[in-house]
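Note: the block below is upload-v9.cif and it holds mmCIF, C-alpha atoms and all ligand atoms.
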data_my_file
loop_
_atom_site.label_atom_id
_atom_site.label_comp_id
_atom_site.auth_asym_id
_atom_site.auth_seq_id
_atom_site.Cartn_x
_atom_site.Cartn_y
_atom_site.Cartn_z
CA MET A 1 -6.41 -11.02 11.61
CA ARG A 2 -3.30 -9.63 9.94
CA LEU A 3 -3.47 -8.72 6.26
CA ILE A 4 -0.38 -7.75 4.29
CA LEU A 5 -1.14 -6.09 0.97
CA LEU A 6 1.51 -6.39 -1.72
CA GLY A 7 1.60 -5.17 -5.30
CA ALA A 8 3.11 -2.59 -7.61
CA PRO A 9 2.26 1.13 -7.35
CA GLY A 10 -1.34 1.67 -8.43
CA VAL A 11 -2.65 -1.91 -8.22
CA GLY A 12 -5.14 -0.81 -5.56
CA LYS A 13 -3.48 -1.55 -2.20
CA GLY A 14 -4.87 1.63 -0.66
CA THR A 15 -8.32 1.18 -2.22
CA GLN A 16 -8.67 -2.43 -1.13
CA GLY A 17 -7.02 -1.73 2.22
CA MET A 18 -9.66 0.87 3.05
CA LYS A 19 -12.51 -1.51 2.16
CA LEU A 20 -10.93 -4.42 4.06
CA ALA A 21 -10.39 -2.23 7.12
CA GLU A 22 -14.10 -1.37 7.16
CA PHE A 23 -15.17 -4.97 6.47
CA TYR A 24 -13.03 -6.58 9.18
CA SER A 25 -13.07 -3.57 11.55
CA ILE A 26 -9.31 -3.51 11.87
CA PRO A 27 -7.00 -0.52 11.32
CA LYS A 28 -4.97 0.00 8.17
CA LEU A 29 -1.38 1.07 8.40
CA SER A 30 0.02 2.59 5.21
CA THR A 31 3.73 3.36 5.26
CA GLY A 32 3.26 5.69 2.26
CA GLU A 33 0.65 7.74 4.19
CA ILE A 34 2.82 7.89 7.31
CA LEU A 35 5.77 9.08 5.24
CA ARG A 36 3.64 11.72 3.48
CA ASN A 37 2.45 12.96 6.89
CA GLU A 38 6.06 13.27 7.97
CA VAL A 39 6.75 15.29 4.80
CA ASN A 40 3.81 17.61 5.58
CA SER A 41 5.07 18.17 9.10
CA LYS A 42 8.22 19.71 7.53
CA THR A 43 10.57 18.18 10.10
CA GLU A 44 14.20 17.56 9.14
CA LEU A 45 13.31 13.91 8.55
CA GLY A 46 10.28 15.01 6.53
CA LEU A 47 12.40 17.15 4.20
CA HIS A 48 14.78 14.23 3.67
CA ILE A 49 11.87 11.87 2.91
CA ALA A 50 10.23 14.39 0.53
CA GLU A 51 13.21 14.23 -1.81
CA ILE A 52 13.17 10.42 -1.88
CA LEU A 53 9.42 10.22 -2.51
CA LYS A 54 9.53 12.75 -5.33
CA LYS A 55 12.26 10.74 -7.06
CA GLY A 56 10.21 7.55 -6.76
CA MET A 57 12.89 5.80 -4.70
CA LEU A 58 12.41 3.77 -1.51
CA VAL A 59 13.00 5.25 1.93
CA SER A 60 15.69 3.28 3.80
CA ASP A 61 14.76 0.00 5.49
CA GLY A 62 15.97 1.38 8.83
CA ILE A 63 13.59 4.38 8.82
CA VAL A 64 10.55 2.43 7.65
CA GLU A 65 11.11 -0.56 9.94
CA LYS A 66 11.36 1.74 12.95
CA ILE A 67 8.07 3.43 12.02
CA VAL A 68 6.25 0.10 11.59
CA ALA A 69 7.65 -1.45 14.77
CA GLU A 70 6.54 1.57 16.82
CA LYS A 71 3.03 1.60 15.35
CA LEU A 72 2.51 -2.13 15.72
CA SER A 73 3.69 -2.26 19.29
CA ASN A 74 1.46 0.66 20.32
CA SER A 75 -2.02 0.00 19.00
CA TYR A 76 -2.39 -2.87 16.58
CA GLY A 77 -2.53 -5.87 18.92
CA ASN A 78 -5.98 -7.04 17.73
CA GLY A 79 -5.14 -7.15 14.06
CA PHE A 80 -4.20 -4.81 11.24
CA ILE A 81 -3.77 -4.31 7.55
CA LEU A 82 -0.35 -3.38 6.23
CA ASP A 83 -0.43 -1.38 3.00
CA GLY A 84 2.97 -0.87 1.37
CA PHE A 85 5.08 -2.76 3.89
CA PRO A 86 7.17 -4.86 3.49
CA ARG A 87 8.75 -3.77 0.23
CA THR A 88 12.20 -5.37 0.40
CA LEU A 89 13.41 -8.78 1.49
CA HIS A 90 15.03 -7.14 4.50
CA GLN A 91 11.68 -5.66 5.57
CA ALA A 92 9.91 -9.02 5.05
CA VAL A 93 12.35 -10.82 7.34
CA TYR A 94 12.09 -8.00 9.87
CA LEU A 95 8.27 -8.22 9.83
CA SER A 96 8.33 -11.98 10.42
CA GLU A 97 10.42 -11.35 13.50
CA ILE A 98 8.02 -8.77 14.95
CA LEU A 99 4.91 -10.79 14.08
CA GLN A 100 6.09 -13.72 16.15
CA GLU A 101 5.86 -11.44 19.16
CA LEU A 102 2.34 -10.14 18.50
CA PRO A 103 -0.66 -11.87 20.08
CA VAL A 104 -3.01 -12.33 17.11
CA ASP A 105 -3.74 -15.30 14.83
CA GLY A 106 -4.33 -15.48 11.10
CA THR A 107 -1.92 -13.81 8.74
CA PHE A 108 -2.66 -13.50 5.03
CA VAL A 109 -0.35 -12.03 2.42
CA ILE A 110 -2.42 -10.69 -0.49
CA ASN A 111 -0.57 -9.96 -3.70
CA ILE A 112 -2.51 -7.86 -6.23
CA GLU A 113 -1.11 -8.56 -9.69
CA MET A 114 -1.41 -6.29 -12.71
CA ASN A 115 0.23 -5.39 -15.98
CA PHE A 116 2.46 -2.31 -15.57
CA GLU A 117 1.17 -0.61 -18.73
CA LYS A 118 -2.31 -0.36 -17.24
CA LEU A 119 -0.97 1.18 -14.03
CA ILE A 120 0.47 4.31 -15.62
CA PRO A 121 -2.91 5.86 -16.58
CA ARG A 122 -4.38 4.88 -13.20
CA LEU A 123 -1.64 6.71 -11.33
CA SER A 124 -1.40 9.68 -13.71
CA ASN A 125 -5.11 10.39 -13.18
CA ARG A 126 -5.31 9.62 -9.48
CA VAL A 127 -6.85 12.23 -7.22
CA THR A 128 -6.22 11.97 -3.46
CA CYS A 129 -8.42 13.46 -0.75
CA ALA A 130 -6.30 15.32 1.80
CA ASP A 131 -8.93 14.83 4.51
CA CYS A 132 -9.86 11.12 4.33
CA VAL A 133 -7.04 9.83 2.02
CA TYR A 134 -9.58 8.23 -0.33
CA THR A 135 -8.25 7.98 -3.88
CA PHE A 136 -10.20 8.10 -7.13
CA ASN A 137 -9.58 8.73 -10.79
CA GLY A 138 -10.54 11.97 -12.50
CA ASP A 139 -9.38 14.71 -14.84
CA ILE A 140 -6.30 15.83 -12.94
CA THR A 141 -6.25 19.29 -14.59
CA ASP A 142 -9.40 20.09 -12.55
CA VAL A 143 -8.12 18.71 -9.26
CA LYS A 144 -8.78 21.93 -7.30
CA LEU A 145 -12.47 21.85 -8.29
CA MET A 146 -13.05 18.26 -7.27
CA THR A 147 -15.14 16.90 -4.41
CA CYS A 148 -14.15 13.68 -2.65
CA PRO A 149 -16.88 11.09 -3.35
CA LYS A 150 -16.31 9.49 0.06
CA CYS A 151 -16.29 12.40 2.54
CA GLY A 152 -17.39 15.41 0.44
CA SER A 153 -14.17 17.36 1.08
CA LYS A 154 -13.04 19.94 -1.50
CA ASN A 155 -9.46 19.44 -0.37
CA CYS A 156 -8.21 17.15 -3.17
CA TYR A 157 -4.74 17.06 -4.71
CA GLN A 158 -2.36 15.14 -6.97
CA ARG A 159 0.48 13.36 -5.18
CA ASP A 160 3.97 14.66 -6.03
CA ASP A 161 5.03 11.15 -7.05
CA ASP A 162 2.09 10.74 -9.45
CA LYS A 163 3.91 12.66 -12.18
CA LYS A 164 4.94 10.47 -15.11
CA GLU A 165 8.69 10.48 -14.36
CA SER A 166 8.19 9.39 -10.75
CA ILE A 167 5.64 6.75 -11.74
CA ILE A 168 8.07 5.13 -14.18
CA LYS A 169 10.83 5.18 -11.56
CA ARG A 170 8.51 3.67 -8.90
CA LEU A 171 7.57 0.82 -11.21
CA ALA A 172 11.26 0.15 -11.97
CA VAL A 173 12.11 0.21 -8.25
CA TYR A 174 9.26 -2.25 -7.63
CA ASP A 175 10.72 -4.59 -10.26
CA GLU A 176 14.20 -4.36 -8.85
CA LEU A 177 13.66 -4.37 -5.07
CA THR A 178 10.13 -5.54 -4.24
CA LYS A 179 9.45 -8.28 -6.79
CA PRO A 180 12.33 -10.45 -5.52
CA MET A 181 10.70 -10.33 -2.07
CA ILE A 182 7.57 -12.02 -3.45
CA ASP A 183 9.37 -15.39 -3.52
CA TYR A 184 9.82 -15.13 0.22
CA TYR A 185 6.03 -15.46 0.64
CA ARG A 186 4.85 -17.26 -2.48
CA ASN A 187 5.12 -20.81 -1.20
CA GLN A 188 3.77 -20.10 2.26
CA ARG A 189 0.26 -21.10 3.31
CA CYS A 190 -0.74 -17.48 3.91
CA TRP A 191 -0.23 -16.56 0.22
CA ILE A 192 -3.17 -15.18 -1.78
CA GLU A 193 -2.93 -13.77 -5.29
CA VAL A 194 -5.67 -11.80 -7.06
CA ASP A 195 -5.93 -10.15 -10.46
CA GLY A 196 -6.08 -6.36 -9.98
CA ASP A 197 -7.35 -5.75 -13.51
CA ASN A 198 -11.00 -6.01 -12.55
CA THR A 199 -13.51 -3.68 -10.93
CA ILE A 200 -12.80 -2.55 -7.37
CA ASP A 201 -15.71 -4.66 -6.04
CA PHE A 202 -14.63 -7.73 -8.00
CA VAL A 203 -11.09 -7.54 -6.59
CA PHE A 204 -12.49 -7.01 -3.09
CA ASN A 205 -14.83 -10.01 -3.35
CA SER A 206 -11.97 -12.19 -4.67
CA ILE A 207 -9.85 -11.27 -1.65
CA ILE A 208 -12.66 -11.99 0.83
CA ALA A 209 -13.45 -15.33 -0.86
CA SER A 210 -9.79 -16.40 -0.78
CA ILE A 211 -9.46 -15.53 2.89
CA LYS A 212 -12.66 -17.45 3.75
CA GLN A 213 -11.41 -20.47 1.83
CA LYS A 214 -8.08 -20.44 3.71
CA ILE A 215 -9.84 -20.14 7.06
CA VAL A 216 -12.11 -23.14 6.30
CA VAL A 217 -9.26 -25.39 5.08
P1 LIG B 301 2.75 4.27 -1.31
O1 LIG B 301 1.92 5.39 -0.88
O2 LIG B 301 2.57 2.96 -0.68
O3 LIG B 301 2.68 4.18 -2.89
P2 LIG B 301 2.75 2.94 -3.92
O4 LIG B 301 3.21 1.65 -3.43
O5 LIG B 301 3.48 3.52 -5.04
O6 LIG B 301 1.29 2.63 -4.19
P3 LIG B 301 0.17 3.64 -4.49
O7 LIG B 301 -0.34 4.25 -3.21
O8 LIG B 301 0.64 4.60 -5.54
O9 LIG B 301 -0.93 2.71 -5.17
P4 LIG B 301 -2.00 1.75 -4.52
O10 LIG B 301 -1.63 0.36 -4.81
O11 LIG B 301 -2.28 2.12 -3.10
O12 LIG B 301 -3.23 2.10 -5.42
P5 LIG B 301 -4.57 2.93 -5.12
O13 LIG B 301 -5.49 2.11 -4.29
O14 LIG B 301 -4.28 4.30 -4.65
O15 LIG B 301 4.29 4.69 -1.12
C1 LIG B 301 4.74 5.93 -1.60
C2 LIG B 301 6.24 6.03 -1.45
O16 LIG B 301 6.57 5.95 -0.05
C3 LIG B 301 7.07 4.93 -2.11
O17 LIG B 301 7.33 5.22 -3.47
C4 LIG B 301 8.34 4.96 -1.26
O18 LIG B 301 9.14 6.04 -1.60
C5 LIG B 301 7.80 5.22 0.13
N1 LIG B 301 7.51 3.99 0.87
C6 LIG B 301 6.28 3.52 1.25
N2 LIG B 301 6.39 2.36 1.88
C7 LIG B 301 7.73 2.07 1.92
C8 LIG B 301 8.47 0.97 2.42
N3 LIG B 301 7.86 -0.06 3.02
N4 LIG B 301 9.82 1.00 2.26
C9 LIG B 301 10.45 2.04 1.67
N5 LIG B 301 9.78 3.10 1.16
C10 LIG B 301 8.45 3.11 1.29
O19 LIG B 301 -5.19 2.97 -6.60
C11 LIG B 301 -4.57 3.73 -7.61
C12 LIG B 301 -5.64 4.43 -8.46
O20 LIG B 301 -6.36 3.45 -9.18
C13 LIG B 301 -6.68 5.20 -7.64
O21 LIG B 301 -7.06 6.36 -8.32
C14 LIG B 301 -7.87 4.23 -7.53
O22 LIG B 301 -9.10 4.89 -7.44
C15 LIG B 301 -7.74 3.45 -8.83
N6 LIG B 301 -8.14 2.06 -8.69
C16 LIG B 301 -7.83 1.21 -7.67
N7 LIG B 301 -8.34 -0.02 -7.91
C17 LIG B 301 -8.97 0.06 -9.12
C18 LIG B 301 -9.68 -0.88 -9.91
N8 LIG B 301 -9.86 -2.16 -9.52
N9 LIG B 301 -10.18 -0.46 -11.09
C19 LIG B 301 -10.02 0.83 -11.51
N10 LIG B 301 -9.37 1.78 -10.79
C20 LIG B 301 -8.84 1.39 -9.61
MG MG B 302 -1.50 3.56 -1.76
#

Output the structure of this file as structure tokens.
Amino acid sequence: MRLILLGAPGVGKGTQGMKLAEFYSIPKLSTGEILRNEVNSKTELGLHIAEILKKGMLVSDGIVEKIVAEKLSNSYGNGFILDGFPRTLHQAVYLSEILQELPVDGTFVINIEMNFEKLIPRLSNRVTCADCVYTFNGDITDVKLMTCPKCGSKNCYQRDDDKKESIIKRLAVYDELTKPMIDYYRNQRCWIEVDGDNTIDFVFNSIIASIKQKIVV
């Protein structure tokens, strides 16, 4: 099974992706996480990416497409979840080309919809675990004292792009560059849309139910 998670920053792609990966026992590939790892490795490429991420802009199609193609060809032959890719029409077309070459059936594109105004507080108060990448909401002023509810790590932080200025820019970039890509998928059979303004479990159950329904039909 191949699941492609779409949606604006903060709708819950990472949260749902983690649950879906456990449920279907398939790996999740998050381009945002891969890019942040590159930043942490302090390579020349990492320093270049750090500036883009902090500004809330998109990394170039060429860099991201290369990363995804390499990952998919190496270890994702039995299925995967894509979180944060594609994000432009160019990336969507590129993905369709690679998917035709991969030997797995069943692709579902899941778009999580939500009002932008509700996303700002979610992202401003998001805490990320450096050890297991779980995200949760909390009082960000106490981030150094926090314990990850998933793995118990004390190594929690606020992402550089979760400052208000970057959040607003990321939402604007989503509107300008990613939203137009939605039409590429909307009328295809694989399309699933869920309302992200519900509890985490409700959103998860809606996704599972929609996938089951599509498989039966
Ligand atoms: P990326 O890391 O993908 O960031 P994003 O798209 O901005 O999305 P987020 O990770 O911020 O949000 P999310 O939807 O995963 O929400 P989450 O589950 O954490 O990308 C970062 C950057 O990398 C981009 O800005 C870009 O520069 C670059 N990049 C990445 N991919 C790229 C690409 N393909 N092309 C070019 N550049 C690329 O949830 C958010 C918070 O809400 C959490 O605290 C969570 O606990 C909480 N929450 C989640 N669901 C619920 C719920 N139902 N109810 C209440 N709270 C909830
Ligand atoms: Mg995420």

Subject >> Nearest to ligand MG 302 (chain B), chosen from A:Phe202, A:Tyr185, A:Tyr24, A:Phe85, with only C-alpha atoms and all ligand atoms counted in the distances >> reply: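 Of all the options, A:Phe85 lies closest to ligand MG 302 (chain B).
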
**OP:** Step by step, measure atom-to-atom distances between ligand MG 302 (chain B) and each residue using all atoms listed in the file, keep those at most 12 Å, then write them as a VMD selection string.
**Re:** chain A and resid 5 to 18 28 to 36 82 to 85 122 to 123 126 to 128 133 to 136 159 161 to 162

**OP:** Skip Asp131 (chain A) itself and residues of its chain fewer than 5 positions away, then list as a PyMOL selection string all residues within 10 Å of it, counting all atoms listed in the file.
**Re:** chain A and resi 148+151-156

Original post:
Of the residues A:Ser41, A:Thr147, A:Thr178, A:Gln213, which is the one nearest to ligand LIG 301 (chain B), using only C-alpha atoms and all ligand atoms?
Top reply: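 Ranked by minimum distance to ligand LIG 301 (chain B), first place goes to A:Thr178.
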
Original post:
Out of A:Lys179, A:Lys54, A:Lys144, A:Lys164, which residue has the shortest atom-to-atom distance to ligand LIG 301 (chain B) when counting all atoms listed in the file?
Top reply: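 Looking at the shortest contact to ligand LIG 301 (chain B), the residue is A:Lys54.
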
**OP:** Would you mind telling me which residue in A:Ala50, A:Val109, A:Met181, A:Leu58 lies nearest to ligand LIG 301 (chain B) when using all atoms listed in the file?
**Re:** A:Leu58

Subject >> For ligand LIG 301 (chain B), the nearest of the candidates A:Leu119, A:Leu72, A:Leu3, A:Leu145, counting only C-alpha atoms and all ligand atoms >> reply: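 Closest residue, counting only C-alpha atoms and all ligand atoms: A:Leu119.
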
Original post:
What is the CA of Gly106 (chain A)-CA of Met1 (chain A) distance in Å, reported with one decimal?
Top reply: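 Taking CA of Gly106 (chain A) and CA of Met1 (chain A), their separation equals 4.9 Å.
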
**OP:** Would you mind reading off the distance between atom O18 of ligand LIG 301 (chain B) and CA of Gly56 (chain A), one decimal, in Å?
**Re:**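 Straight-line distance from atom O18 of ligand LIG 301 (chain B) to CA of Gly56 (chain A) works out to 5.5 Å.
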
Subject >> Shortest interatomic distance to ligand LIG 301 (chain B) - which of A:Leu177, A:Ile182, A:Leu89, A:Ile200, counting all atoms listed in the file >> reply: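 Of A:Leu177, A:Ile182, A:Leu89, A:Ile200, the one nearest ligand LIG 301 (chain B) is A:Ile200, counting all atoms listed in the file.
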
Subject >> Contact residues around His48 (chain A) with only C-alpha atoms at 10 Å, ignoring same-chain residues under 4 positions, as a list in words >> reply: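 These residues fall inside the cut-off: Glu38, Val39, Lys42, Thr43, Glu44, Ile52, Leu53 and Val59 of chain A.
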
Could you give me the axis-aligned bounding box of ligand LIG 301 (chain B), with 8 Å of padding per side, as centre plus edge lengths in Å to one decimal, as JSON?
{"center_x": 0.1, "center_y": 2.1, "center_z": -4.2, "size_x": 36.6, "size_y": 24.5, "size_z": 30.5}

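Between CA of Ala172 (chain A) and CA of Glu117 (chain A) there is a distance of 12.2 Å.
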
In file coordinates, which residues lie within 9 Å of (3.0, -14.2, -0.6) using all atoms listed in the file, given as a PDB file with C-alpha atoms, in the frame of the given file?
ATOM      1  CA  ILE A   4      -0.380  -7.750   4.290  1.00  0.00           C
ATOM      2  CA  LEU A   6       1.510  -6.390  -1.720  1.00  0.00           C
ATOM      3  CA  PHE A 108      -2.660 -13.500   5.030  1.00  0.00           C
ATOM      4  CA  VAL A 109      -0.350 -12.030   2.420  1.00  0.00           C
ATOM      5  CA  ILE A 110      -2.420 -10.690  -0.490  1.00  0.00           C
ATOM      6  CA  ASN A 111      -0.570  -9.960  -3.700  1.00  0.00           C
ATOM      7  CA  MET A 181      10.700 -10.330  -2.070  1.00  0.00           C
ATOM      8  CA  ILE A 182       7.570 -12.020  -3.450  1.00  0.00           C
ATOM      9  CA  ASP A 183       9.370 -15.390  -3.520  1.00  0.00           C
ATOM     10  CA  TYR A 184       9.820 -15.130   0.220  1.00  0.00           C
ATOM     11  CA  TYR A 185       6.030 -15.460   0.640  1.00  0.00           C
ATOM     12  CA  ARG A 186       4.850 -17.260  -2.480  1.00  0.00           C
ATOM     13  CA  ASN A 187       5.120 -20.810  -1.200  1.00  0.00           C
ATOM     14  CA  GLN A 188       3.770 -20.100   2.260  1.00  0.00           C
ATOM     15  CA  ARG A 189       0.260 -21.100   3.310  1.00  0.00           C
ATOM     16  CA  CYS A 190      -0.740 -17.480   3.910  1.00  0.00           C
ATOM     17  CA  TRP A 191      -0.230 -16.560   0.220  1.00  0.00           C
ATOM     18  CA  ILE A 192      -3.170 -15.180  -1.780  1.00  0.00           C
ATOM     19  CA  GLU A 193      -2.930 -13.770  -5.290  1.00  0.00           C
TER      20      GLU A 193
END

Subject >> Test item: residues at most 10 Å from Ser206 (chain A), only C-alpha atoms, excluding those fewer than 3 positions along its chain, as a list of chain:residue names >> reply: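 Neighbouring residues, sequence-local ones excluded: A:Ile192, A:Glu193, A:Val194, A:Asp195, A:Gly196, A:Asp201, A:Phe202, A:Val203, A:Ala209, A:Ser210, A:Ile211, A:Lys212.
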